[in-house]
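Coordinates from upload-v1.cif are shown below (mmCIF, C-alpha atoms and all ligand atoms).
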```cif
data_start
loop_
_atom_site.label_atom_id
_atom_site.label_comp_id
_atom_site.auth_asym_id
_atom_site.auth_seq_id
_atom_site.Cartn_x
_atom_site.Cartn_y
_atom_site.Cartn_z
CA MET A 1137 -2.23 4.52 -24.86
CA LYS A 1138 -0.33 3.12 -27.83
CA MET A 1139 2.92 1.27 -27.24
CA SER A 1140 5.62 0.51 -29.73
CA LYS A 1141 6.96 -3.04 -29.92
CA GLY A 1142 10.10 -1.95 -28.10
CA GLN A 1143 8.15 -0.30 -25.30
CA LEU A 1144 5.92 -3.32 -24.93
CA GLY A 1145 8.96 -5.61 -24.79
CA ALA A 1146 10.63 -3.46 -22.15
CA CYS A 1147 7.41 -3.36 -20.17
CA LEU A 1148 7.00 -7.15 -20.25
CA LEU A 1149 10.66 -7.62 -19.37
CA GLY A 1150 10.24 -5.23 -16.43
CA THR A 1151 7.23 -7.19 -15.24
CA ALA A 1152 9.10 -10.48 -15.52
CA VAL A 1153 12.10 -9.13 -13.63
CA ALA A 1154 9.80 -7.74 -10.92
CA LEU A 1155 7.99 -11.07 -10.61
CA VAL A 1156 11.18 -13.13 -10.50
CA SER A 1157 12.86 -10.84 -8.00
CA GLY A 1158 9.78 -10.89 -5.82
CA GLY A 1159 9.20 -7.21 -6.36
CA SER A 1160 10.86 -6.22 -3.13
CA ALA A 1161 14.48 -7.08 -3.85
CA PHE A 1162 15.28 -3.41 -4.48
CA ALA A 1163 12.80 -2.11 -1.96
CA GLU A 1164 13.74 0.09 0.91
CA LEU A 1165 12.71 -1.13 4.30
CA GLY A 1166 9.37 0.04 5.61
CA GLN A 1167 7.77 1.44 2.50
CA PRO A 1168 6.04 0.18 -0.63
CA ALA A 1169 8.08 -0.57 -3.75
CA PRO A 1170 7.25 -0.51 -7.46
CA TRP A 1171 5.77 -3.81 -8.64
CA GLU A 1172 5.62 -5.09 -5.12
CA PHE A 1173 3.13 -7.89 -4.74
CA ARG A 1174 4.30 -9.47 -1.55
CA LEU A 1175 4.07 -8.28 2.03
CA GLN A 1176 6.50 -5.61 3.12
CA GLU A 1177 9.60 -6.91 4.87
CA ALA A 1178 8.87 -7.58 8.54
CA ALA A 1179 10.33 -5.24 11.16
CA THR A 1180 8.63 -6.73 14.23
CA PRO A 1181 8.13 -10.26 15.62
CA VAL A 1182 4.38 -9.96 14.99
CA MET A 1183 4.93 -9.16 11.31
CA GLU A 1184 7.41 -12.04 11.02
CA ASN A 1185 4.66 -14.32 12.30
CA ILE A 1186 2.11 -12.81 9.91
CA THR A 1187 4.50 -13.36 6.99
CA TRP A 1188 5.09 -16.97 8.03
CA PHE A 1189 1.36 -17.60 8.43
CA HIS A 1190 0.68 -16.01 5.06
CA GLY A 1191 3.24 -18.38 3.52
CA LEU A 1192 1.59 -21.37 5.18
CA LEU A 1193 -1.87 -20.40 3.92
CA LEU A 1194 -0.55 -19.70 0.42
CA THR A 1195 1.09 -23.15 0.31
CA ILE A 1196 -2.05 -24.93 1.53
CA ILE A 1197 -4.37 -23.10 -0.84
CA THR A 1198 -2.02 -23.69 -3.80
CA VAL A 1199 -1.92 -27.44 -3.13
CA ILE A 1200 -5.73 -27.58 -2.72
CA THR A 1201 -6.34 -25.58 -5.89
CA LEU A 1202 -3.98 -27.75 -7.95
CA PHE A 1203 -5.56 -30.92 -6.51
CA VAL A 1204 -9.09 -29.76 -7.40
CA LEU A 1205 -7.89 -28.72 -10.85
CA ALA A 1206 -6.35 -32.18 -11.37
CA LEU A 1207 -9.63 -33.83 -10.29
CA LEU A 1208 -11.63 -31.66 -12.69
CA VAL A 1209 -9.29 -32.40 -15.59
CA THR A 1210 -9.50 -36.13 -14.80
CA VAL A 1211 -13.31 -35.98 -14.77
CA VAL A 1212 -13.44 -34.04 -18.03
CA ILE A 1213 -11.06 -36.42 -19.82
CA LYS A 1214 -12.00 -39.81 -18.37
CA PHE A 1215 -15.67 -39.46 -17.61
CA ASN A 1216 -17.19 -37.54 -20.49
CA ALA A 1217 -20.02 -39.19 -22.45
CA ARG A 1218 -17.78 -40.23 -25.31
CA ALA A 1219 -14.92 -41.73 -23.27
CA ASN A 1220 -17.23 -43.34 -20.74
CA PRO A 1221 -20.58 -44.21 -22.41
CA VAL A 1222 -21.76 -46.53 -19.60
CA PRO A 1223 -21.40 -44.63 -16.30
CA SER A 1224 -20.78 -46.45 -13.02
CA ARG A 1225 -23.76 -46.57 -10.67
CA THR A 1226 -21.62 -46.40 -7.52
CA THR A 1227 -23.25 -44.28 -4.79
CA HIS A 1228 -21.15 -44.87 -1.67
CA ASN A 1229 -17.54 -45.45 -0.80
CA THR A 1230 -16.93 -45.50 2.94
CA LEU A 1231 -13.16 -45.04 2.80
CA LEU A 1232 -13.45 -42.12 0.40
CA GLU A 1233 -16.15 -40.44 2.47
CA VAL A 1234 -14.18 -40.77 5.70
CA ALA A 1235 -11.12 -39.38 3.93
CA TRP A 1236 -12.87 -36.36 2.41
CA THR A 1237 -14.30 -35.52 5.82
CA LEU A 1238 -11.17 -36.11 7.89
CA ILE A 1239 -8.59 -34.51 5.61
CA PRO A 1240 -10.35 -31.11 5.47
CA VAL A 1241 -10.75 -31.24 9.27
CA LEU A 1242 -7.02 -31.85 9.65
CA ILE A 1243 -6.26 -29.01 7.22
CA LEU A 1244 -8.50 -26.65 9.24
CA VAL A 1245 -6.79 -27.65 12.49
CA THR A 1246 -3.40 -27.05 10.85
CA ILE A 1247 -4.61 -23.54 10.02
CA ALA A 1248 -6.46 -22.87 13.30
CA VAL A 1249 -3.58 -23.61 15.69
CA PRO A 1250 -1.07 -21.04 14.35
CA SER A 1251 -3.94 -18.68 13.57
CA PHE A 1252 -5.02 -18.48 17.21
CA ARG A 1253 -1.42 -18.32 18.38
CA LEU A 1254 -0.93 -15.28 16.11
CA LEU A 1255 -4.19 -13.66 17.22
CA PHE A 1256 -3.19 -13.88 20.87
CA LEU A 1257 0.30 -12.60 20.12
CA GLU A 1258 -1.28 -9.54 18.50
CA LEU A 1259 -3.92 -9.02 21.17
CA ASP A 1260 -1.93 -9.58 24.35
CA VAL A 1261 0.06 -6.41 24.84
CA PRO A 1262 3.29 -7.34 26.65
CA LYS A 1263 4.62 -5.11 29.40
CA ALA A 1264 5.15 -1.88 27.51
CA ASP A 1265 8.34 0.21 27.66
CA LEU A 1266 6.49 3.26 26.44
CA THR A 1267 3.08 4.37 25.26
CA VAL A 1268 2.30 6.49 22.26
CA LYS A 1269 -1.20 7.73 21.72
CA ALA A 1270 -2.18 8.26 18.09
CA THR A 1271 -5.24 10.41 17.50
CA GLY A 1272 -6.74 10.35 14.02
CA LYS A 1273 -8.03 13.70 12.85
CA GLN A 1274 -9.43 15.00 9.58
CA TRP A 1275 -6.84 14.70 8.04
CA TYR A 1276 -3.67 14.12 9.99
CA TRP A 1277 -2.39 12.27 13.03
CA SER A 1278 -1.43 13.60 16.44
CA TYR A 1279 1.00 11.73 18.62
CA ALA A 1280 1.15 12.03 22.39
CA TYR A 1281 3.86 10.63 24.66
CA PRO A 1282 2.13 10.43 28.07
CA ASP A 1283 5.04 8.75 29.87
CA ASN A 1284 7.78 10.86 28.29
CA GLY A 1285 6.87 14.40 29.23
CA LYS A 1286 3.25 14.50 28.11
CA PHE A 1287 3.89 16.46 24.96
CA GLU A 1288 1.73 16.07 21.90
CA PHE A 1289 2.32 17.13 18.31
CA ASP A 1290 0.61 17.01 14.95
CA SER A 1291 2.01 15.02 12.05
CA LEU A 1292 0.97 16.34 8.66
CA LEU A 1293 1.72 15.23 5.14
CA ALA A 1294 4.76 17.04 3.76
CA GLN A 1295 4.26 17.46 0.00
CA ASP A 1296 7.96 18.07 -0.64
CA LYS A 1297 9.21 14.98 1.19
CA GLN A 1298 9.92 11.51 -0.12
CA PRO A 1299 8.50 8.96 -0.38
CA ARG A 1300 5.69 10.78 -2.14
CA LEU A 1301 2.48 11.01 -0.11
CA LEU A 1302 4.14 9.21 2.82
CA GLY A 1303 6.59 11.83 4.13
CA VAL A 1304 5.41 13.98 7.06
CA ASP A 1305 6.62 17.10 8.87
CA ASN A 1306 6.86 15.53 12.35
CA GLU A 1307 7.48 11.81 12.50
CA MET A 1308 6.47 9.55 15.33
CA VAL A 1309 9.76 8.50 16.95
CA VAL A 1310 10.28 5.32 18.98
CA PRO A 1311 13.28 3.44 20.34
CA VAL A 1312 14.42 0.18 18.74
CA ASN A 1313 13.82 -3.18 20.46
CA LYS A 1314 11.34 -1.67 22.88
CA VAL A 1315 7.72 -2.67 23.32
CA VAL A 1316 5.64 0.30 22.23
CA ARG A 1317 2.00 0.34 23.26
CA VAL A 1318 -0.02 2.25 20.68
CA GLN A 1319 -3.31 3.67 21.83
CA THR A 1320 -5.58 5.00 19.13
CA THR A 1321 -8.64 7.18 19.14
CA GLY A 1322 -10.44 9.42 16.69
CA ALA A 1323 -11.16 13.09 17.23
CA ASP A 1324 -13.85 13.36 14.58
CA VAL A 1325 -14.60 10.25 12.51
CA ILE A 1326 -13.24 6.70 12.41
CA HIS A 1327 -9.65 6.46 11.15
CA SER A 1328 -7.35 3.45 11.19
CA PHE A 1329 -3.72 3.34 12.26
CA ALA A 1330 -1.79 0.92 10.07
CA VAL A 1331 1.92 0.26 9.54
CA PRO A 1332 2.46 -2.77 7.26
CA ALA A 1333 6.06 -3.54 8.26
CA PHE A 1334 5.01 -3.68 11.93
CA GLY A 1335 1.97 -5.85 11.21
CA ILE A 1336 -0.41 -3.47 12.95
CA LYS A 1337 -3.75 -2.05 11.86
CA ILE A 1338 -6.19 -0.78 14.41
CA ASP A 1339 -9.24 1.47 14.20
CA ALA A 1340 -9.09 4.93 15.74
CA ILE A 1341 -12.65 5.48 16.94
CA PRO A 1342 -14.07 8.65 18.52
CA GLY A 1343 -14.96 8.03 22.17
CA ARG A 1344 -12.96 4.83 22.39
CA LEU A 1345 -9.38 4.01 23.18
CA ASN A 1346 -8.05 1.06 21.21
CA GLU A 1347 -4.75 -0.57 21.91
CA THR A 1348 -2.13 -2.51 20.03
CA TRP A 1349 1.64 -2.91 20.24
CA PHE A 1350 4.80 -3.36 18.27
CA LYS A 1351 8.46 -3.99 18.93
CA ALA A 1352 10.54 -2.74 16.02
CA THR A 1353 13.76 -4.72 15.76
CA LYS A 1354 15.48 -2.63 13.07
CA VAL A 1355 16.19 1.09 13.07
CA GLY A 1356 14.88 3.03 10.11
CA MET A 1357 11.84 4.74 8.66
CA TYR A 1358 8.56 2.92 8.43
CA TYR A 1359 5.49 4.19 6.66
CA GLY A 1360 1.81 3.47 6.83
CA GLN A 1361 -1.47 5.11 5.94
CA CYS A 1362 -4.86 5.75 7.42
CA SER A 1363 -6.79 2.63 6.49
CA GLU A 1364 -10.37 3.65 7.09
CA LEU A 1365 -12.17 5.88 4.60
CA CYS A 1366 -12.44 9.05 6.66
CA GLY A 1367 -13.27 11.83 4.24
CA LYS A 1368 -11.87 13.76 1.31
CA ASP A 1369 -8.23 13.77 2.42
CA HIS A 1370 -8.18 10.17 3.62
CA ALA A 1371 -5.34 9.44 1.21
CA PHE A 1372 -3.26 12.31 2.57
CA MET A 1373 -2.75 11.46 6.23
CA PRO A 1374 0.27 9.15 6.17
CA ILE A 1375 1.90 7.57 9.19
CA ALA A 1376 5.68 7.88 9.43
CA VAL A 1377 7.53 6.14 12.23
CA ARG A 1378 11.24 6.67 12.83
CA VAL A 1379 12.85 3.87 14.83
CA VAL A 1380 16.06 5.02 16.53
CA SER A 1381 18.54 3.91 19.19
CA ASP A 1382 17.86 4.54 22.89
CA GLN A 1383 20.25 7.50 23.03
CA GLU A 1384 18.78 9.11 19.94
CA PHE A 1385 15.32 8.62 21.37
CA ALA A 1386 16.26 10.24 24.68
CA ALA A 1387 17.76 13.19 22.80
CA TRP A 1388 14.68 13.49 20.62
CA VAL A 1389 12.41 13.46 23.69
CA GLU A 1390 14.37 16.34 25.23
CA ASP A 1391 14.08 18.29 22.00
CA ALA A 1392 10.43 17.45 21.53
CA LYS A 1393 9.53 18.52 25.07
CA LYS A 1394 10.74 22.03 24.25
CA LYS A 1395 9.61 22.15 20.65
CA PHE A 1396 6.08 20.97 21.35
CA ALA A 1397 5.66 22.40 24.83
CA SER A 1398 3.46 25.28 23.78
CA ALA A 1399 2.35 23.93 20.45
CA PRO A 1400 -0.86 25.71 19.52
CA GLY A 1401 -3.79 23.44 18.86
CA SER A 1402 -2.48 20.82 21.21
CA THR A 1403 -5.47 18.69 21.93
CA TYR A 1404 -3.87 16.17 24.21
CA ALA A 1405 -6.52 16.49 26.90
CA SER A 1406 -9.40 17.34 24.65
CA ALA A 1407 -9.43 14.53 22.08
CA ALA A 1408 -13.14 13.91 21.67
CA GLY A 1409 -14.54 11.84 24.45
CA VAL A 1410 -11.24 10.67 25.84
CA SER A 1411 -10.18 11.96 29.19
CA GLN A 1412 -6.66 11.55 30.45
CU CU B 1501 -8.24 8.82 8.34
#
```
Kindly return the structure encoded in the file as structure tokens.
Amino acid sequence: MKMSKGQLGACLLGTAVALVSGGSAFAELGQPAPWEFRLQEAATPVMENITWFHGLLLTIITVITLFVLALLVTVVIKFNARANPVPSRTTHNTLLEVAWTLIPVLILVTIAVPSFRLLFLELDVPKADLTVKATGKQWYWSYAYPDNGKFEFDSLLAQDKQPRLLGVDNEMVVPVNKVVRVQTTGADVIHSFAVPAFGIKIDAIPGRLNETWFKATKVGMYYGQCSELCGKDHAFMPIAVRVVSDQEFAAWVEDAKKKFASAPGSTYASAAGVSQ
């Protein structure tokens, strides 16, 4: 593709603006944005922790990389054959050796402590307010609400909806500020249930019931995608979650009970290998 000077300039300017603004300044909550290179804005406490931990790691690795770069530059300039024709024959330096052992240990501990705290936060499902079971199928998701009337419905990509390739016909709906336990399984092959703004990603495996949780603190639409290569339409089984107020959720449940009561193809009790 050939670009004129003007086009190239505009393109570079666009890139610069995107980089300076962090890419997500104009982004809508819960979905990817053009030129985005950071994590999506957090909508759950877990994702807030992930974002914080990511920032910590990025800071540490930047400092280490710059330090190693500075050492290398020093070596290249000060200790090349021309600048330093008679090399030192030093072989040991106790202080230096203790330091280069201890400092990395301290850095690893600094990383390990919040890392384990985050892992346990993700793994320990708090007392759940409701459970939603997400079944991955080739190539769509089905959502079941076992403690809200036991209905189940399919959620398929809606070509005409925005955002492109993320909009679905029937969204998963949950109440705001409530702990939602998500159980996942696969009906055919391995899929993966992932919603970036919630900080969740969990495999949906045939014959197994996996579990994770989220507590969305902001109402709105949140999008994710199947994150395990699962066949030819892997890219076309988006996850759309609508977070609403308690009243709206109750109203939606009443509607959904009727709408999905006799939904054909309801596989709530027959998802491969999983009995209710
Ligand atoms: Cu899939």
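If you measure from each of A:Gly1343, A:Gly1303, A:Gly1322, A:Pro1170 to ligand CU 1501 (chain B) using all atoms listed in the file, the closest one turns out to be A:Gly1322.
Among the candidates A:Val1377, A:Met1357, A:Ala1270, A:Leu1259, the residue lying nearest to ligand CU 1501 (chain B) is A:Ala1270 (atoms considered: only C-alpha atoms and all ligand atoms).
Interatomic distance, CA of Trp1275 (chain A) to CA of Val1310 (chain A): 22.4 Å.
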>> Taking (11.8, 10.5, 2.6) as a centre in this file's frame and 12 Å as the limit, can you find every polymer residue with an atom that close, using all atoms listed in the file, and give them as a VMD selection string?
In response: chain A and resid 1164 to 1167 1293 to 1305 1307 1356 to 1359 1376 to 1378
Atom pair CA of Ser1363 (chain A) + CA of Pro1311 (chain A), distance 24.4 Å
Using only C-alpha atoms and all ligand atoms, find each residue with an atom at most 10 Å away from ligand CU 1501 (chain B) and format the answer as a count of residues only. 30
